[in-house]
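To start, the structure under review is shown below, and the notes come after it.
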Amino acid sequence: MTTAAVPADRHYITAWSAVSPYGVHSADYARGIQADGAHPTGPGDGATGRTRSVPVPEGHAGEQACLVPGFEVRQVLGKAGTRTMDRATGLAVTAVRELFDEASREQRPVPVGTGTGLVLGTTLGSAQSQHDFALASFTEDKPYDVPAQFMPNVLMNCPAAASAIRFGLKGPNTTLAGGRPTGLIALGYARRLLAAGRAERVLVGAVEDYSPSRSWIEHHVRDADETPGPLGEGCALLLIEPGDGIPEGRTALAELLAVDVRVDVDDALAGTAEACVRDALTAAGVDPSEVWAAVGGGLTGRIGHIENALLKRLFGTEAATRVTVHDRIGDTAAASAAFQLAALLATARRTPAAHGRAAVVTSVDRDGSVACAVIRLLGETEEQ
């Protein structure tokens, strides 16, 4: 394990957590994402690195889903304060807990209070909570006969707000909804908070839960040329700190070099995606030949082909296939880019050759939104 000296005026990833189809612990995700032969449609056990895809009941749009194994909110988080907590909120709260707990176990506790902010991405919050609440207004005796205690779950900022309340995060609290690139959009937002002095450190990531309502939404928005696959769920979080705010003993895992976000408005997705990636590389001062790994957003069909072809052309097939995510944990929608970043960090930690190298994470959505982040991998290495 090594600790790199870092400049004070730059921003770094210093910790991460992932609640995923491999389990609630980051170590489960790290082992699973790197295991040979892992595939979301096989039977599995998070401890052995094979993810779980389980049959879903009749009435769902698909037949299988990649679920966080055994995740029941009140069993995982306890009964206090969780009686009305929905699945999406429970996943987010668990991810925050795991990041804090792991940091404390390593004697690198993360301060809370006014200096710590939270930027959390989502598609629209919990689709199931919104569906159930709206349905009650039509099916009950009166339109206002709705389960009022579940009203907070209808709001898309419920996971971020509940996490902040539970753990005393009194800094900026923001929820972003930007489709598949949401994790990268949130990353850029967190950098701006730090640069403006609005926070001393920021937890940033995204959450997505699985539900019957979400399965049908995804079924209807999927392009005709896409290959249907199991939906996934979970929450991935990163701790972002400025160089002069990293406490003694905490390791900088990666430096944030650049984030570029744009939208294709001219029906020229290939050109927009390439411009996004090249501009991010230029802002980062990185040549394509320096990139150790490039992790794509995981869509299939025409959009996925455009993104994958671009990454292979710019960085080579080896770099573009070095880290795989979505065929292992399913389609995690708005949380996908956050899971890409977590997978990159997990893989780099076990790969000494990655130390000091640049890496690229991209995401392209059906609506033409495109995002790219460039990071430099630092810090901890774990010999295999």
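By order of appearance in the structure tokens: chains A, B, ..., then residues from 1 within every chain, and ligands from 1 in the order shown.
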If you take only C-alpha atoms and a cut-off of 10 Å, which residues of region 230-344 of chain A touch region 217-222 of chain A, and what are their nearest atom pairs and distances in Å to one decimal, in chain and number order, as JSON lines?
{"residue": "A:Leu231", "atom": "CA", "partner": "A:Glu218", "partner_atom": "CA", "distance": 8.6}
{"residue": "A:Leu299", "atom": "CA", "partner": "A:Arg222", "partner_atom": "CA", "distance": 9.8}
{"residue": "A:Thr300", "atom": "CA", "partner": "A:Arg222", "partner_atom": "CA", "distance": 9.8}
{"residue": "A:Gly301", "atom": "CA", "partner": "A:Arg222", "partner_atom": "CA", "distance": 9.7}
{"residue": "A:Asp331", "atom": "CA", "partner": "A:Glu218", "partner_atom": "CA", "distance": 9.7}
{"residue": "A:Ala333", "atom": "CA", "partner": "A:Glu218", "partner_atom": "CA", "distance": 9.0}
Could you turn the residues from that selection into a file that holds C-alpha atoms, as a PDB file, in the first residue's frame?
ATOM      1  CA  LEU A 231     -31.963  -4.951 -14.987  1.00  0.00           C
ATOM      2  CA  LEU A 299     -25.912   0.250 -23.845  1.00  0.00           C
ATOM      3  CA  THR A 300     -26.410  -2.197 -26.696  1.00  0.00           C
ATOM      4  CA  GLY A 301     -27.766  -1.449 -30.169  1.00  0.00           C
ATOM      5  CA  ASP A 331     -28.430  -2.488 -16.404  1.00  0.00           C
ATOM      6  CA  ALA A 333     -29.495   2.935 -15.508  1.00  0.00           C
TER       7      ALA A 333
END
| said: Which of region 252-302 of chain A end up as helix (DSSP H, G or I) when DSSP is run on this backbone - answer as a list in words? | reply: Leu269, Ala270, Gly271, Thr272, Ala273, Glu274, Ala275, Cys276, Val277, Arg278, Asp279, Ala280, Leu281, Thr282, Ala283, Ala284, Pro288, Ser289, Glu290, Gly301 and Arg302 of chain A
| Restricting the calculation to only C-alpha atoms, which member of A:Gly249, A:Gly271, A:Gly234, A:Pro181 is positioned closest to Tyr29 (chain A)? |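 For Tyr29 (chain A), the nearest of the given residues is A:Gly234.
Proximity to Ala164 (chain A) was assessed for A:Ala95, A:Ala195, A:Leu118, A:Ala148 counting only C-alpha atoms; the smallest distance is recorded for A:Leu118.
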| Best match for closeness to Val265 (chain A) among A:Pro111, A:Gly368, A:Val68, A:Thr82, counting only C-alpha atoms |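 The answer is A:Gly368, which sits nearest to Val265 (chain A).
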| Surrounding residues of Pro247 (chain A) excluding itself and chain neighbours under 6 positions, 10 Å, only C-alpha atoms, as a PyMOL selection string | chain A and resi 108-111+241
| query | Using only C-alpha atoms, which residue out of A:Val73, A:Leu184, A:Ala284, A:Ala88 lies closest to Pro159 (chain A)? | reply |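 Looking at the shortest contact to Pro159 (chain A), the residue is A:Ala88.
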